[in-house]
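Q: Dropping in my_file.cif, which is mmCIF, N, CA and C atoms:
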```cif
data_run
#
loop_
_atom_site.label_atom_id
_atom_site.label_comp_id
_atom_site.auth_asym_id
_atom_site.auth_seq_id
_atom_site.Cartn_x
_atom_site.Cartn_y
_atom_site.Cartn_z
N MET A 1 17.45 -5.73 -12.74
CA MET A 1 18.57 -6.16 -13.56
C MET A 1 19.43 -4.95 -13.88
N PRO A 2 20.72 -5.10 -13.91
CA PRO A 2 21.58 -3.95 -14.18
C PRO A 2 21.47 -3.51 -15.63
N ASN A 3 21.76 -2.24 -15.87
CA ASN A 3 21.77 -1.74 -17.23
C ASN A 3 22.89 -2.39 -18.01
N THR A 4 22.66 -2.56 -19.30
CA THR A 4 23.67 -3.14 -20.17
C THR A 4 23.78 -2.28 -21.42
N ALA A 5 24.82 -2.49 -22.21
CA ALA A 5 24.96 -1.73 -23.45
C ALA A 5 24.38 -2.55 -24.59
N ASP A 6 23.58 -1.90 -25.44
CA ASP A 6 23.06 -2.62 -26.59
C ASP A 6 24.03 -2.48 -27.76
N ARG A 7 23.63 -2.95 -28.94
CA ARG A 7 24.54 -2.93 -30.09
C ARG A 7 25.00 -1.53 -30.48
N THR A 8 24.19 -0.53 -30.17
CA THR A 8 24.56 0.84 -30.52
C THR A 8 25.46 1.46 -29.47
N GLY A 9 25.67 0.76 -28.37
CA GLY A 9 26.54 1.27 -27.31
C GLY A 9 25.83 2.15 -26.31
N THR A 10 24.51 2.27 -26.42
CA THR A 10 23.78 3.10 -25.46
C THR A 10 23.30 2.23 -24.32
N ALA A 11 23.11 2.84 -23.19
CA ALA A 11 22.64 2.10 -22.01
C ALA A 11 21.17 1.80 -22.15
N THR A 12 20.80 0.58 -21.86
CA THR A 12 19.39 0.18 -21.88
C THR A 12 19.10 -0.63 -20.64
N GLY A 13 17.87 -0.63 -20.25
CA GLY A 13 17.47 -1.45 -19.12
C GLY A 13 17.19 -2.86 -19.59
N PRO A 14 16.65 -3.67 -18.72
CA PRO A 14 16.37 -5.06 -19.09
C PRO A 14 15.30 -5.12 -20.18
N ASN A 15 15.48 -6.04 -21.12
CA ASN A 15 14.46 -6.20 -22.15
C ASN A 15 13.52 -7.33 -21.76
N VAL A 16 12.47 -7.51 -22.54
CA VAL A 16 11.45 -8.50 -22.22
C VAL A 16 12.06 -9.90 -22.14
N THR A 17 12.98 -10.20 -23.02
CA THR A 17 13.60 -11.52 -23.04
C THR A 17 14.33 -11.80 -21.73
N ARG A 18 15.08 -10.81 -21.24
CA ARG A 18 15.82 -10.99 -19.98
C ARG A 18 14.87 -11.10 -18.79
N VAL A 19 13.83 -10.28 -18.79
CA VAL A 19 12.86 -10.34 -17.70
C VAL A 19 12.18 -11.71 -17.69
N ALA A 20 11.78 -12.18 -18.87
CA ALA A 20 11.13 -13.48 -18.96
C ALA A 20 12.06 -14.60 -18.52
N ALA A 21 13.32 -14.53 -18.92
CA ALA A 21 14.28 -15.55 -18.52
C ALA A 21 14.46 -15.57 -17.01
N ALA A 22 14.54 -14.39 -16.40
CA ALA A 22 14.70 -14.32 -14.95
C ALA A 22 13.47 -14.89 -14.23
N ALA A 23 12.30 -14.73 -14.85
CA ALA A 23 11.07 -15.23 -14.24
C ALA A 23 10.78 -16.68 -14.63
N GLY A 24 11.54 -17.19 -15.60
CA GLY A 24 11.34 -18.57 -16.03
C GLY A 24 10.08 -18.75 -16.87
N VAL A 25 9.71 -17.71 -17.65
CA VAL A 25 8.53 -17.81 -18.50
C VAL A 25 8.88 -17.45 -19.94
N ASN A 26 7.96 -17.74 -20.83
CA ASN A 26 8.12 -17.39 -22.23
C ASN A 26 7.90 -15.88 -22.38
N PRO A 27 8.76 -15.17 -23.14
CA PRO A 27 8.59 -13.72 -23.32
C PRO A 27 7.23 -13.34 -23.88
N ALA A 28 6.61 -14.21 -24.65
CA ALA A 28 5.29 -13.90 -25.20
C ALA A 28 4.25 -13.70 -24.11
N LEU A 29 4.43 -14.37 -22.97
CA LEU A 29 3.48 -14.20 -21.87
C LEU A 29 3.51 -12.78 -21.31
N ILE A 30 4.69 -12.20 -21.23
CA ILE A 30 4.79 -10.83 -20.73
C ILE A 30 4.06 -9.89 -21.66
N ASN A 31 4.28 -10.05 -22.96
CA ASN A 31 3.60 -9.19 -23.92
C ASN A 31 2.09 -9.43 -23.93
N ARG A 32 1.68 -10.69 -23.80
CA ARG A 32 0.25 -11.00 -23.83
C ARG A 32 -0.49 -10.42 -22.63
N TYR A 33 0.07 -10.63 -21.43
CA TYR A 33 -0.64 -10.22 -20.22
C TYR A 33 -0.36 -8.78 -19.78
N PHE A 34 0.79 -8.24 -20.20
CA PHE A 34 1.14 -6.89 -19.75
C PHE A 34 1.35 -5.90 -20.89
N GLY A 35 1.47 -6.39 -22.11
CA GLY A 35 1.69 -5.48 -23.24
C GLY A 35 3.12 -4.99 -23.35
N GLY A 36 4.01 -5.51 -22.55
CA GLY A 36 5.42 -5.11 -22.59
C GLY A 36 5.97 -4.87 -21.20
N LYS A 37 7.25 -4.56 -21.16
CA LYS A 37 7.91 -4.43 -19.86
C LYS A 37 7.48 -3.19 -19.09
N GLU A 38 7.05 -2.13 -19.79
CA GLU A 38 6.64 -0.92 -19.09
C GLU A 38 5.42 -1.19 -18.20
N ARG A 39 4.42 -1.88 -18.77
CA ARG A 39 3.22 -2.19 -18.00
C ARG A 39 3.52 -3.21 -16.90
N LEU A 40 4.40 -4.17 -17.20
CA LEU A 40 4.84 -5.14 -16.19
C LEU A 40 5.47 -4.41 -15.02
N PHE A 41 6.36 -3.44 -15.30
CA PHE A 41 7.01 -2.65 -14.25
C PHE A 41 5.95 -1.91 -13.43
N ALA A 42 4.99 -1.30 -14.12
CA ALA A 42 3.94 -0.55 -13.42
C ALA A 42 3.14 -1.46 -12.50
N GLU A 43 2.81 -2.65 -12.97
CA GLU A 43 2.06 -3.60 -12.15
C GLU A 43 2.89 -4.10 -10.97
N ALA A 44 4.17 -4.31 -11.22
CA ALA A 44 5.05 -4.83 -10.18
C ALA A 44 5.23 -3.84 -9.03
N VAL A 45 5.11 -2.57 -9.33
CA VAL A 45 5.30 -1.56 -8.29
C VAL A 45 4.00 -0.83 -7.97
N ALA A 46 2.89 -1.51 -8.17
CA ALA A 46 1.61 -0.92 -7.80
C ALA A 46 1.58 -0.75 -6.28
N ILE A 47 1.32 0.45 -5.84
CA ILE A 47 1.37 0.77 -4.42
C ILE A 47 0.10 1.52 -4.04
N GLU A 48 -0.49 1.10 -2.98
CA GLU A 48 -1.61 1.84 -2.41
C GLU A 48 -1.09 2.56 -1.17
N ILE A 49 -1.28 3.86 -1.15
CA ILE A 49 -0.81 4.65 -0.01
C ILE A 49 -1.66 4.37 1.23
N ASP A 50 -2.90 3.94 1.04
CA ASP A 50 -3.79 3.60 2.16
C ASP A 50 -3.90 4.76 3.15
N PHE A 51 -4.36 5.89 2.66
CA PHE A 51 -4.50 7.05 3.53
C PHE A 51 -5.50 6.80 4.64
N PRO A 52 -5.25 7.38 5.80
CA PRO A 52 -6.22 7.24 6.89
C PRO A 52 -7.49 8.03 6.55
N ASP A 53 -8.57 7.68 7.20
CA ASP A 53 -9.81 8.43 7.04
C ASP A 53 -9.64 9.76 7.76
N LEU A 54 -9.65 10.83 7.01
CA LEU A 54 -9.42 12.17 7.57
C LEU A 54 -10.71 12.95 7.74
N SER A 55 -11.85 12.30 7.53
CA SER A 55 -13.13 13.01 7.56
C SER A 55 -13.44 13.63 8.92
N ARG A 56 -12.93 13.06 9.98
CA ARG A 56 -13.19 13.60 11.32
C ARG A 56 -11.98 14.32 11.91
N THR A 57 -10.94 14.45 11.09
CA THR A 57 -9.73 15.13 11.55
C THR A 57 -9.94 16.64 11.38
N PRO A 58 -9.70 17.41 12.42
CA PRO A 58 -9.82 18.87 12.27
C PRO A 58 -8.90 19.36 11.14
N ARG A 59 -9.38 20.30 10.38
CA ARG A 59 -8.65 20.78 9.20
C ARG A 59 -7.22 21.18 9.54
N GLY A 60 -7.01 21.79 10.68
CA GLY A 60 -5.67 22.21 11.08
C GLY A 60 -4.74 21.07 11.44
N ASP A 61 -5.28 19.86 11.61
CA ASP A 61 -4.47 18.69 11.97
C ASP A 61 -4.23 17.73 10.81
N ILE A 62 -4.80 18.01 9.64
CA ILE A 62 -4.69 17.10 8.51
C ILE A 62 -3.23 16.93 8.08
N GLY A 63 -2.50 18.00 7.98
CA GLY A 63 -1.09 17.92 7.58
C GLY A 63 -0.28 17.05 8.51
N ARG A 64 -0.49 17.23 9.81
CA ARG A 64 0.22 16.43 10.82
C ARG A 64 -0.16 14.95 10.70
N ALA A 65 -1.44 14.68 10.46
CA ALA A 65 -1.89 13.29 10.31
C ALA A 65 -1.26 12.64 9.07
N LEU A 66 -1.14 13.39 8.00
CA LEU A 66 -0.52 12.85 6.78
C LEU A 66 0.97 12.59 6.98
N ILE A 67 1.64 13.50 7.65
CA ILE A 67 3.07 13.31 7.90
C ILE A 67 3.28 12.05 8.75
N ARG A 68 2.47 11.88 9.79
CA ARG A 68 2.57 10.67 10.61
C ARG A 68 2.35 9.42 9.76
N HIS A 69 1.37 9.48 8.88
CA HIS A 69 1.07 8.33 8.03
C HIS A 69 2.24 8.01 7.10
N PHE A 70 2.81 9.02 6.46
CA PHE A 70 3.94 8.78 5.56
C PHE A 70 5.16 8.25 6.30
N PHE A 71 5.45 8.79 7.47
CA PHE A 71 6.58 8.26 8.25
C PHE A 71 6.33 6.82 8.69
N ALA A 72 5.10 6.51 9.05
CA ALA A 72 4.77 5.14 9.43
C ALA A 72 4.97 4.20 8.24
N ARG A 73 4.60 4.65 7.04
CA ARG A 73 4.81 3.82 5.85
C ARG A 73 6.30 3.69 5.55
N TRP A 74 7.03 4.79 5.71
CA TRP A 74 8.48 4.74 5.44
C TRP A 74 9.19 3.78 6.39
N ASP A 75 8.78 3.81 7.65
CA ASP A 75 9.38 2.93 8.66
C ASP A 75 8.71 1.57 8.73
N GLY A 76 7.72 1.34 7.88
CA GLY A 76 6.87 0.15 7.94
C GLY A 76 7.60 -1.16 7.72
N GLY A 77 6.80 -2.19 7.59
CA GLY A 77 7.33 -3.54 7.44
C GLY A 77 7.70 -3.86 6.01
N ASP A 78 7.86 -5.15 5.76
CA ASP A 78 8.28 -5.63 4.45
C ASP A 78 7.32 -5.21 3.35
N GLY A 79 6.05 -5.06 3.66
CA GLY A 79 5.07 -4.66 2.66
C GLY A 79 5.33 -3.28 2.09
N ASP A 80 6.11 -2.48 2.78
CA ASP A 80 6.42 -1.14 2.31
C ASP A 80 7.78 -1.06 1.61
N ASP A 81 8.45 -2.19 1.44
CA ASP A 81 9.76 -2.18 0.77
C ASP A 81 9.69 -1.58 -0.62
N VAL A 82 8.65 -1.92 -1.39
CA VAL A 82 8.54 -1.41 -2.76
C VAL A 82 8.42 0.10 -2.75
N LEU A 83 7.66 0.64 -1.82
CA LEU A 83 7.51 2.09 -1.72
C LEU A 83 8.86 2.75 -1.44
N ARG A 84 9.60 2.22 -0.48
CA ARG A 84 10.91 2.81 -0.15
C ARG A 84 11.87 2.71 -1.33
N VAL A 85 11.91 1.57 -1.99
CA VAL A 85 12.81 1.39 -3.14
C VAL A 85 12.41 2.32 -4.27
N LEU A 86 11.12 2.43 -4.54
CA LEU A 86 10.65 3.28 -5.63
C LEU A 86 10.97 4.74 -5.37
N ILE A 87 10.79 5.19 -4.16
CA ILE A 87 11.12 6.58 -3.83
C ILE A 87 12.62 6.81 -3.99
N GLY A 88 13.43 5.87 -3.53
CA GLY A 88 14.88 5.99 -3.69
C GLY A 88 15.31 5.96 -5.14
N THR A 89 14.63 5.16 -5.94
CA THR A 89 14.97 5.02 -7.35
C THR A 89 14.54 6.24 -8.15
N ALA A 90 13.50 6.91 -7.72
CA ALA A 90 12.93 8.03 -8.48
C ALA A 90 13.94 9.14 -8.75
N ALA A 91 14.93 9.28 -7.90
CA ALA A 91 15.92 10.35 -8.09
C ALA A 91 16.83 10.09 -9.27
N THR A 92 17.01 8.84 -9.65
CA THR A 92 17.96 8.52 -10.71
C THR A 92 17.36 7.74 -11.87
N ASN A 93 16.09 7.38 -11.79
CA ASN A 93 15.48 6.53 -12.81
C ASN A 93 14.18 7.18 -13.29
N ASP A 94 14.11 7.45 -14.60
CA ASP A 94 12.93 8.12 -15.16
C ASP A 94 11.65 7.31 -14.98
N GLU A 95 11.73 5.99 -15.16
CA GLU A 95 10.53 5.16 -14.99
C GLU A 95 10.06 5.18 -13.54
N GLY A 96 11.01 5.12 -12.61
CA GLY A 96 10.65 5.18 -11.19
C GLY A 96 10.04 6.52 -10.82
N ALA A 97 10.60 7.60 -11.36
CA ALA A 97 10.07 8.94 -11.09
C ALA A 97 8.66 9.08 -11.67
N ALA A 98 8.45 8.57 -12.87
CA ALA A 98 7.13 8.64 -13.49
C ALA A 98 6.12 7.84 -12.68
N ARG A 99 6.52 6.69 -12.18
CA ARG A 99 5.61 5.86 -11.39
C ARG A 99 5.23 6.54 -10.08
N ILE A 100 6.20 7.17 -9.43
CA ILE A 100 5.89 7.91 -8.20
C ILE A 100 4.92 9.05 -8.50
N ARG A 101 5.16 9.78 -9.60
CA ARG A 101 4.24 10.86 -9.97
C ARG A 101 2.83 10.32 -10.20
N ASP A 102 2.72 9.18 -10.89
CA ASP A 102 1.41 8.57 -11.14
C ASP A 102 0.72 8.19 -9.83
N ILE A 103 1.48 7.60 -8.93
CA ILE A 103 0.92 7.19 -7.64
C ILE A 103 0.44 8.41 -6.86
N LEU A 104 1.28 9.41 -6.80
CA LEU A 104 0.93 10.60 -6.03
C LEU A 104 -0.26 11.33 -6.63
N SER A 105 -0.25 11.52 -7.94
CA SER A 105 -1.36 12.26 -8.55
C SER A 105 -2.64 11.45 -8.52
N GLY A 106 -2.53 10.14 -8.63
CA GLY A 106 -3.72 9.30 -8.63
C GLY A 106 -4.31 9.05 -7.26
N GLN A 107 -3.52 9.22 -6.22
CA GLN A 107 -4.03 8.91 -4.88
C GLN A 107 -4.09 10.11 -3.95
N ILE A 108 -3.16 11.03 -4.07
CA ILE A 108 -3.16 12.18 -3.16
C ILE A 108 -4.26 13.18 -3.50
N GLU A 109 -4.40 13.51 -4.77
CA GLU A 109 -5.41 14.51 -5.13
C GLU A 109 -6.82 14.09 -4.73
N PRO A 110 -7.25 12.85 -5.00
CA PRO A 110 -8.59 12.47 -4.54
C PRO A 110 -8.73 12.50 -3.01
N MET A 111 -7.67 12.13 -2.29
CA MET A 111 -7.71 12.16 -0.84
C MET A 111 -7.88 13.60 -0.35
N VAL A 112 -7.14 14.52 -0.96
CA VAL A 112 -7.23 15.93 -0.57
C VAL A 112 -8.63 16.46 -0.85
N ALA A 113 -9.17 16.10 -2.01
CA ALA A 113 -10.52 16.56 -2.35
C ALA A 113 -11.55 16.04 -1.35
N ARG A 114 -11.40 14.78 -0.92
CA ARG A 114 -12.33 14.23 0.08
C ARG A 114 -12.18 14.93 1.42
N ALA A 115 -10.94 15.22 1.81
CA ALA A 115 -10.69 15.78 3.15
C ALA A 115 -10.98 17.26 3.24
N THR A 116 -10.74 18.00 2.16
CA THR A 116 -10.85 19.45 2.25
C THR A 116 -11.81 20.06 1.25
N GLY A 117 -12.40 19.25 0.41
CA GLY A 117 -13.26 19.77 -0.65
C GLY A 117 -12.44 19.93 -1.92
N SER A 118 -13.12 20.06 -3.03
CA SER A 118 -12.42 20.08 -4.32
C SER A 118 -11.74 21.41 -4.62
N ASP A 119 -12.05 22.45 -3.85
CA ASP A 119 -11.43 23.75 -4.08
C ASP A 119 -9.92 23.67 -3.91
N ARG A 120 -9.20 23.86 -4.99
CA ARG A 120 -7.74 23.88 -5.02
C ARG A 120 -7.10 22.55 -4.60
N ALA A 121 -7.80 21.43 -4.78
CA ALA A 121 -7.29 20.13 -4.39
C ALA A 121 -6.01 19.80 -5.15
N ARG A 122 -5.96 20.14 -6.44
CA ARG A 122 -4.77 19.82 -7.24
C ARG A 122 -3.53 20.55 -6.70
N GLU A 123 -3.68 21.84 -6.41
CA GLU A 123 -2.54 22.61 -5.87
C GLU A 123 -2.10 22.08 -4.51
N ARG A 124 -3.06 21.75 -3.67
CA ARG A 124 -2.73 21.20 -2.35
C ARG A 124 -2.04 19.85 -2.48
N ALA A 125 -2.52 19.03 -3.42
CA ALA A 125 -1.91 17.72 -3.63
C ALA A 125 -0.47 17.87 -4.10
N CYS A 126 -0.23 18.84 -4.98
CA CYS A 126 1.15 19.09 -5.45
C CYS A 126 2.06 19.49 -4.30
N LEU A 127 1.57 20.30 -3.40
CA LEU A 127 2.37 20.69 -2.25
C LEU A 127 2.67 19.49 -1.36
N ILE A 128 1.70 18.63 -1.16
CA ILE A 128 1.92 17.42 -0.36
C ILE A 128 2.94 16.52 -1.03
N ALA A 129 2.82 16.37 -2.35
CA ALA A 129 3.70 15.46 -3.10
C ALA A 129 5.15 15.90 -3.10
N THR A 130 5.38 17.19 -2.89
CA THR A 130 6.76 17.66 -2.89
C THR A 130 7.31 17.62 -1.49
#
```
Kindly transcribe the structure held in the file into structure tokens.

A:
Amino acid sequence: MPNTADRTGTATGPNVTRVAAAAGVNPALINRYFGGKERLFAEAVAIEIDFPDLSRTPRGDIGRALIRHFFARWDGGDGDDVLRVLIGTAATNDEGAARIRDILSGQIEPMVARATGSDRARERACLIAT
């Protein structure tokens, strides 16, 4: 939904009432099941990167395998639309940027630790994420 001006004249995103109206549900349902629009947004853009199994990939080829995987996801089918939109939105939307950071930190770091060991996994994950 496009941003609108509230009574104070500041830009705001869609509120729970507007989201509920667009979905054809009672606003109380959003609050009951999601606790508010922030959690609803997070659930709506839940993305699994689905990393390939890198356990048998030679250490020197891991970076190349990850790049191939990310390009395949970027060029992927309709199931990857949310990923592409979220990445595009992250440059101009704080919620989108925060969600991408959560996805990357929650999925890349564990993958790196599995593939290369826990030594410096966080630093390596940060390099991959950028």

Q: Can you list, as a ChimeraX atom specification, every protein, DNA or RNA residue that comes within 12 Å of Asp81 of chain A when you count only C-alpha atoms, leaving out same-chain residues fewer than 6 positions away?

A: /A:45-47,73-75,87-88

Q: Taking the file as I've supplied it (selection: the PyMOL selection byres ((chain A and resi 110-121) around 8)), which residues are included? Please answer as number ranges by chain.

A: A: 51, 53-56, 59, 104-109, 122-127

Q: Determine, counting only N, CA and C atoms, every residue of protein, DNA or RNA that lies within 6.5 Å of (9.7, -7.1, -15.7) in the file coordinates, then give the result as a list of chain:residue names.

A: A:Val19, A:Ala20, A:Lys37, A:Leu40, A:Phe41

Q: Neighbouring residues of Ala65 of chain A were defined as those with any atom within 10 Å, considering only C-alpha atoms; residues of the same chain fewer than 3 positions away were excluded. Please report them as a ChimeraX atom specification.

A: /A:51-54,57-58,60-62,68-70

Q: What does the structure give for the distance between atom C of Glu38 of chain A and atom C of Glu95 of chain A, in Å to one decimal?

A: 9.2 Å

Q: I need the alpha helix (DSSP H) residues of segment 82-124 of chain A per DSSP on the backbone, written as an mmCIF file with N, CA and C atoms, in the frame of the given file.

A:
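Produced file result.cif, reproduced below:
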```cif
data_model
loop_
_atom_site.group_PDB
_atom_site.id
_atom_site.type_symbol
_atom_site.label_atom_id
_atom_site.label_comp_id
_atom_site.auth_asym_id
_atom_site.auth_seq_id
_atom_site.Cartn_x
_atom_site.Cartn_y
_atom_site.Cartn_z
ATOM 1 N N VAL A 82 8.650 -1.920 -1.390
ATOM 2 C CA VAL A 82 8.540 -1.410 -2.760
ATOM 3 C C VAL A 82 8.420 0.100 -2.750
ATOM 4 N N LEU A 83 7.660 0.640 -1.820
ATOM 5 C CA LEU A 83 7.510 2.090 -1.720
ATOM 6 C C LEU A 83 8.860 2.750 -1.440
ATOM 7 N N ARG A 84 9.600 2.220 -0.480
ATOM 8 C CA ARG A 84 10.910 2.810 -0.150
ATOM 9 C C ARG A 84 11.870 2.710 -1.330
ATOM 10 N N VAL A 85 11.910 1.570 -1.990
ATOM 11 C CA VAL A 85 12.810 1.390 -3.140
ATOM 12 C C VAL A 85 12.410 2.320 -4.270
ATOM 13 N N LEU A 86 11.120 2.430 -4.540
ATOM 14 C CA LEU A 86 10.650 3.280 -5.630
ATOM 15 C C LEU A 86 10.970 4.740 -5.370
ATOM 16 N N ILE A 87 10.790 5.190 -4.160
ATOM 17 C CA ILE A 87 11.120 6.580 -3.830
ATOM 18 C C ILE A 87 12.620 6.810 -3.990
ATOM 19 N N GLY A 88 13.430 5.870 -3.530
ATOM 20 C CA GLY A 88 14.880 5.990 -3.690
ATOM 21 C C GLY A 88 15.310 5.960 -5.140
ATOM 22 N N THR A 89 14.630 5.160 -5.940
ATOM 23 C CA THR A 89 14.970 5.020 -7.350
ATOM 24 C C THR A 89 14.540 6.240 -8.150
ATOM 25 N N ALA A 90 13.500 6.910 -7.720
ATOM 26 C CA ALA A 90 12.930 8.030 -8.480
ATOM 27 C C ALA A 90 13.940 9.140 -8.750
ATOM 28 N N ASP A 94 14.110 7.450 -14.600
ATOM 29 C CA ASP A 94 12.930 8.120 -15.160
ATOM 30 C C ASP A 94 11.650 7.310 -14.980
ATOM 31 N N GLU A 95 11.730 5.990 -15.160
ATOM 32 C CA GLU A 95 10.530 5.160 -14.990
ATOM 33 C C GLU A 95 10.060 5.180 -13.540
ATOM 34 N N GLY A 96 11.010 5.120 -12.610
ATOM 35 C CA GLY A 96 10.650 5.180 -11.190
ATOM 36 C C GLY A 96 10.040 6.520 -10.820
ATOM 37 N N ALA A 97 10.600 7.600 -11.360
ATOM 38 C CA ALA A 97 10.070 8.940 -11.090
ATOM 39 C C ALA A 97 8.660 9.080 -11.670
ATOM 40 N N ALA A 98 8.450 8.570 -12.870
ATOM 41 C CA ALA A 98 7.130 8.640 -13.490
ATOM 42 C C ALA A 98 6.120 7.840 -12.680
ATOM 43 N N ARG A 99 6.520 6.690 -12.180
ATOM 44 C CA ARG A 99 5.610 5.860 -11.390
ATOM 45 C C ARG A 99 5.230 6.540 -10.080
ATOM 46 N N ILE A 100 6.200 7.170 -9.430
ATOM 47 C CA ILE A 100 5.890 7.910 -8.200
ATOM 48 C C ILE A 100 4.920 9.050 -8.500
ATOM 49 N N ARG A 101 5.160 9.780 -9.600
ATOM 50 C CA ARG A 101 4.240 10.860 -9.970
ATOM 51 C C ARG A 101 2.830 10.320 -10.200
ATOM 52 N N ASP A 102 2.720 9.180 -10.890
ATOM 53 C CA ASP A 102 1.410 8.570 -11.140
ATOM 54 C C ASP A 102 0.720 8.190 -9.830
ATOM 55 N N ILE A 103 1.480 7.600 -8.930
ATOM 56 C CA ILE A 103 0.920 7.190 -7.640
ATOM 57 C C ILE A 103 0.440 8.410 -6.860
ATOM 58 N N LEU A 104 1.280 9.410 -6.800
ATOM 59 C CA LEU A 104 0.930 10.600 -6.030
ATOM 60 C C LEU A 104 -0.260 11.330 -6.630
ATOM 61 N N SER A 105 -0.250 11.520 -7.940
ATOM 62 C CA SER A 105 -1.360 12.260 -8.550
ATOM 63 C C SER A 105 -2.640 11.450 -8.520
ATOM 64 N N GLY A 106 -2.530 10.140 -8.630
ATOM 65 C CA GLY A 106 -3.720 9.300 -8.630
ATOM 66 C C GLY A 106 -4.310 9.050 -7.260
ATOM 67 N N GLN A 107 -3.520 9.220 -6.220
ATOM 68 C CA GLN A 107 -4.030 8.910 -4.880
ATOM 69 C C GLN A 107 -4.090 10.110 -3.950
ATOM 70 N N ILE A 108 -3.160 11.030 -4.070
ATOM 71 C CA ILE A 108 -3.160 12.180 -3.160
ATOM 72 C C ILE A 108 -4.260 13.180 -3.500
ATOM 73 N N GLU A 109 -4.400 13.510 -4.770
ATOM 74 C CA GLU A 109 -5.410 14.510 -5.130
ATOM 75 C C GLU A 109 -6.820 14.090 -4.730
ATOM 76 N N PRO A 110 -7.250 12.850 -5.000
ATOM 77 C CA PRO A 110 -8.590 12.470 -4.540
ATOM 78 C C PRO A 110 -8.730 12.500 -3.010
ATOM 79 N N MET A 111 -7.670 12.130 -2.290
ATOM 80 C CA MET A 111 -7.710 12.160 -0.840
ATOM 81 C C MET A 111 -7.880 13.600 -0.350
ATOM 82 N N VAL A 112 -7.140 14.520 -0.960
ATOM 83 C CA VAL A 112 -7.230 15.930 -0.570
ATOM 84 C C VAL A 112 -8.630 16.460 -0.850
ATOM 85 N N ALA A 113 -9.170 16.100 -2.010
ATOM 86 C CA ALA A 113 -10.520 16.560 -2.350
ATOM 87 C C ALA A 113 -11.550 16.040 -1.350
ATOM 88 N N ARG A 114 -11.400 14.780 -0.920
ATOM 89 C CA ARG A 114 -12.330 14.230 0.080
ATOM 90 C C ARG A 114 -12.180 14.930 1.420
ATOM 91 N N ALA A 115 -10.940 15.220 1.810
ATOM 92 C CA ALA A 115 -10.690 15.780 3.150
ATOM 93 C C ALA A 115 -10.980 17.260 3.240
ATOM 94 N N THR A 116 -10.740 18.000 2.160
ATOM 95 C CA THR A 116 -10.850 19.450 2.250
ATOM 96 C C THR A 116 -11.810 20.060 1.250
ATOM 97 N N ALA A 121 -7.800 21.430 -4.780
ATOM 98 C CA ALA A 121 -7.290 20.130 -4.390
ATOM 99 C C ALA A 121 -6.010 19.800 -5.150
ATOM 100 N N ARG A 122 -5.960 20.140 -6.440
ATOM 101 C CA ARG A 122 -4.770 19.820 -7.240
ATOM 102 C C ARG A 122 -3.530 20.550 -6.700
ATOM 103 N N GLU A 123 -3.680 21.840 -6.410
ATOM 104 C CA GLU A 123 -2.540 22.610 -5.870
ATOM 105 C C GLU A 123 -2.100 22.080 -4.510
ATOM 106 N N ARG A 124 -3.060 21.750 -3.670
ATOM 107 C CA ARG A 124 -2.730 21.200 -2.350
ATOM 108 C C ARG A 124 -2.040 19.850 -2.480
#
```

Q: Here is a test: counting only N, CA and C atoms, which residue of A:Ile67, A:Ala42, A:Val16, A:Ala90 is nearest to Ile30 of chain A?

A: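 Looking at the shortest contact to Ile30 of chain A, the residue is A:Val16.
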
Q: Just checking: using all atoms listed in the file, which residue out of A:Tyr33, A:Ala21, A:Ala129, A:Ile103 ends up closest to Ile49 of chain A?

A: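 Among A:Tyr33, A:Ala21, A:Ala129, A:Ile103, it is A:Ile103 that comes nearest to Ile49 of chain A.
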
Q: Hey, can you check how far atom N of Phe71 of chain A sits from atom CA of Ile128 of chain A?

A: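 Pair atom N of Phe71 of chain A / atom CA of Ile128 of chain A returns 12.2 Å.
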
Q: Set the distance at 8 Å and use only N, CA and C atoms: which residues neighbour Thr17 of chain A once local chain neighbours fewer than 5 positions away are removed? I'd like the list as a compact mmCIF listing (two decimals) with N, CA and C atoms, in the coordinates of the input.

A:
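Result went into selection-v5.txt, see below:
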```
# COMPACT_ATOMS: atom_id res chain seq x y z
N ALA A 22 14.54 -14.39 -16.40
CA ALA A 22 14.70 -14.32 -14.95
C ALA A 22 13.47 -14.89 -14.23
N ALA A 23 12.30 -14.73 -14.85
CA ALA A 23 11.07 -15.23 -14.24
C ALA A 23 10.78 -16.68 -14.63
N ASN A 26 7.96 -17.74 -20.83
CA ASN A 26 8.12 -17.39 -22.23
C ASN A 26 7.90 -15.88 -22.38
N PRO A 27 8.76 -15.17 -23.14
CA PRO A 27 8.59 -13.72 -23.32
C PRO A 27 7.23 -13.34 -23.88
N ALA A 28 6.61 -14.21 -24.65
CA ALA A 28 5.29 -13.90 -25.20
C ALA A 28 4.25 -13.70 -24.11
```

Q: What separation in Å, quoted to one decimal, exists between atom CA of Gly36 of chain A and atom N of Asp50 of chain A?

A: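 Result for atom CA of Gly36 of chain A versus atom N of Asp50 of chain A: 26.6 Å, one decimal.
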
Q: So, counting all atoms listed in the file, which residue among A:Leu29, A:Ala72, A:Ala97, A:Val82 is closest to Ala44 of chain A?

A: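 Once distances to Ala44 of chain A are computed over all atoms listed in the file, the minimum belongs to A:Val82.
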
Q: Specify the axis-aligned box that encloses all atoms of segment 66-80 of chain A listed in the file after padding of 4 Å on each side, stating its centre and edge lengths in Å to one decimal as JSON.

A:
```
{"center_x": 4.1, "center_y": 3.9, "center_z": 6.1, "size_x": 18.5, "size_y": 27.1, "size_z": 17.0}
```
